[in-house]
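Peer 1: Quick one: this structure, given as structure tokens, is what I'll be asking you about.
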Amino acid sequence: MNFIEHFEGLTDPRKPNPNKLYSVELILFLTISAVISGANDWQEVAAFGSAKKEWLRKFVVIPEDRTPSHDTIGDFFARIKANEFINCFISWVNSLTRVLSSDLIAIDGKTLRSSYDQARGKKAIHMISAWSSTMRLSLAHLPVNDKANEIKAIPDLLSLLELEGALITIDAMGCQKEIAKQITCKR
């Protein structure tokens with residue numbers, strides 16, 4: 001299964017329009033490639049696209065020899081359904097990786113620095129993630145409402161992963177009977 005096939009379940013958030021220039025495939029492939037290469041914002045993603053057109057053309061169609069602007073990319077990602085994207089992305093990452101029997105998977109929650117927005121009344125963003133020590137790769141992550149809800153989010157995160165043969169570490173908050181049962185059933 002190639003990269004694009006993993007994202008077939010993602011709904012195109014744009015209005016049907018015969019003048020739509022850029023495909024979902026181009027926007028996704030460009031953005032993920034740019035982020036993997038170190039891009040940190042939409043301007044850097046767009047600059048990557050302009051600089052790497054020939055390379056991108058090997059994998060996706062680039063219409064009229066133009067890549068999407070930072071506004072087009074940002075608008076697209078602002079409108080997609082986050083859960084759909086997460087599921088597609090995790091499917092793709094899982095296809096690239098396989099948990100080795102000696103792999104150590106760390107499950108942990110973190111609050112994202114500078115995500116608190118007092119002016120808009122938004123709380124800080126808290127995420128729970130699964131980190132593969134062997135591959136040095138985040139296998140999956142999910143947002144949670146607050147630190148206390150990690151216990152509820154951990155089973156959801158575990159259900160996304162193939163963990164057979166791996167050693168799982170988790171902090172004291174995650175040491176719950178149901179979570180332990182879910183981990184041992186996956187092994």
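Chain identifiers are assigned as A, B, and so on, following the order in which chains appear in the structure tokens; residues are numbered from 1 within each chain, and ligands are numbered from 1 in order of appearance.
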Determine, counting only C-alpha atoms, which protein, DNA and RNA residues have an atom within 8 Å of an atom of Ser132 (chain A); residues of the same chain fewer than 3 positions away are not included. Present the result as a count of residues only.
Peer 2: 9
Peer 1: Excluding same-chain residues fewer than 6 positions from region 67-82 of chain A, what lies within 10 Å of it counting only C-alpha atoms, as a VMD selection string?
Peer 2: chain A and resid 10 to 14 21 to 24 26 to 28 30 to 31 41 to 53 56 61 88
Peer 1: CA of Thr111 (chain A) and CA of Asn145 (chain A), how far apart in Å?
Peer 2: 10.4 Å
Peer 1: Work out how far CA of Met127 (chain A) is from CA of Lys110 (chain A), in Å to one decimal.
Peer 2: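 Going from CA of Lys110 (chain A) over to CA of Met127 (chain A) covers 5.5 Å.
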Peer 1: Have a look at A:Phe59, A:Val93, A:Glu25, A:Ile128 and name the one nearest to Glu8 (chain A); count only C-alpha atoms.
Peer 2: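 Checking each of A:Phe59, A:Val93, A:Glu25, A:Ile128 against Glu8 (chain A), counting only C-alpha atoms, the winner is A:Glu25.
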Peer 1: To one decimal in Å, tell me the separation between CA of Lys15 (chain A) and CA of Asn83 (chain A).
Peer 2: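 That distance, rounded to one decimal, is 19.7 Å.
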Peer 1: Pick the closest to Leu161 (chain A) from A:Asp117, A:Ser129, A:His6, A:Ile36: which is it, counting only C-alpha atoms?
Peer 2: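 Answer, going by the shortest atom-to-atom distance: A:Ser129.
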Peer 1: I'd like the contact shell of Trp92 (chain A) - 12 Å cut-off, only C-alpha atoms, skipping same-chain residues fewer than 6 positions apart - returned as a compact mmCIF listing (two decimals) with N, CA and C atoms, in the first residue's frame.
Peer 2:
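Writing the result to selection_33.txt gives the following:
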# COMPACT_ATOMS: atom_id res chain seq x y z
N MET A 1 0.86 -1.17 0.00
CA MET A 1 0.00 0.00 0.00
C MET A 1 0.90 1.23 0.00
N ASN A 2 0.66 2.17 -0.91
CA ASN A 2 1.50 3.36 -0.95
C ASN A 2 0.96 4.46 -0.03
N PHE A 3 1.73 5.50 0.10
CA PHE A 3 1.40 6.62 0.99
C PHE A 3 -0.03 7.11 0.80
N ILE A 4 -0.39 7.40 -0.44
CA ILE A 4 -1.69 8.01 -0.74
C ILE A 4 -2.84 7.08 -0.35
N GLU A 5 -2.68 5.79 -0.53
CA GLU A 5 -3.75 4.85 -0.20
C GLU A 5 -4.12 4.89 1.29
N HIS A 6 -3.17 5.22 2.14
CA HIS A 6 -3.46 5.32 3.58
C HIS A 6 -4.35 6.53 3.89
N PHE A 7 -4.36 7.51 3.00
CA PHE A 7 -5.12 8.74 3.24
C PHE A 7 -6.41 8.81 2.43
N GLU A 8 -6.81 7.70 1.82
CA GLU A 8 -8.04 7.69 1.04
C GLU A 8 -9.28 7.96 1.89
N GLY A 9 -9.22 7.65 3.18
CA GLY A 9 -10.35 7.88 4.07
C GLY A 9 -10.50 9.32 4.53
N PHE A 29 1.16 14.99 0.67
CA PHE A 29 2.52 14.51 0.45
C PHE A 29 3.54 15.63 0.63
N ILE A 32 3.68 16.57 4.59
CA ILE A 32 4.34 15.57 5.42
C ILE A 32 5.82 15.46 5.07
N PHE A 85 -7.67 12.52 9.95
CA PHE A 85 -6.25 12.66 9.62
C PHE A 85 -5.39 11.80 10.55
N ILE A 86 -5.70 11.81 11.84
CA ILE A 86 -4.93 11.01 12.80
C ILE A 86 -4.99 9.54 12.41
N ARG A 98 7.46 -1.73 12.14
CA ARG A 98 6.94 -2.92 12.81
C ARG A 98 7.66 -2.98 14.15
N LEU A 139 5.02 6.78 17.55
CA LEU A 139 4.13 5.88 16.83
C LEU A 139 2.72 6.42 16.74
N ALA A 140 2.30 7.15 17.76
CA ALA A 140 0.95 7.71 17.78
C ALA A 140 0.85 8.72 18.91
N LEU A 160 -4.70 1.81 18.92
CA LEU A 160 -4.21 2.20 17.60
C LEU A 160 -2.94 1.46 17.20
N LEU A 161 -2.30 0.78 18.16
CA LEU A 161 -0.96 0.25 17.93
C LEU A 161 -0.91 -1.27 17.91
Peer 1: Pick out the closest residue to Ile125 (chain A) from this set: A:Val144, A:Leu158, A:Ile151, A:Ile107. Count only C-alpha atoms.
Peer 2: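 The shortest atom-to-atom distance to Ile125 (chain A) comes from A:Val144.
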Peer 1: Using backbone DSSP assignments, extract all strand (DSSP E or B) residues from chain A; output them as an MDAnalysis selection string.
Peer 2: chainID A and resid 104:111 117 122 126:132 137:144 167:170
Peer 1: So that I can see what lies close to Thr184 (chain A), please list as a short mmCIF file (atom, residue, chain, number, x, y, z; two decimals) with C-alpha atoms, in the first residue's frame the residues with an atom at most 12 Å from it, counting only C-alpha atoms and leaving out residues fewer than 5 positions away in the same chain.
Peer 2:
data_model
loop_
_atom_site.label_atom_id
_atom_site.label_comp_id
_atom_site.auth_asym_id
_atom_site.auth_seq_id
_atom_site.Cartn_x
_atom_site.Cartn_y
_atom_site.Cartn_z
CA LEU A 158 -3.09 1.52 22.79
CA LEU A 163 2.49 -3.95 20.24
CA GLU A 164 3.09 -7.67 20.07
CA GLY A 165 6.45 -8.53 21.61
CA ALA A 166 7.24 -5.01 22.81
CA LEU A 167 8.02 -3.92 26.35
CA ILE A 168 5.69 -1.10 27.42
CA LYS A 177 -5.96 -2.69 36.02
CA GLU A 178 -7.82 -2.18 32.74
CA ILE A 179 -4.80 -0.59 31.05
#
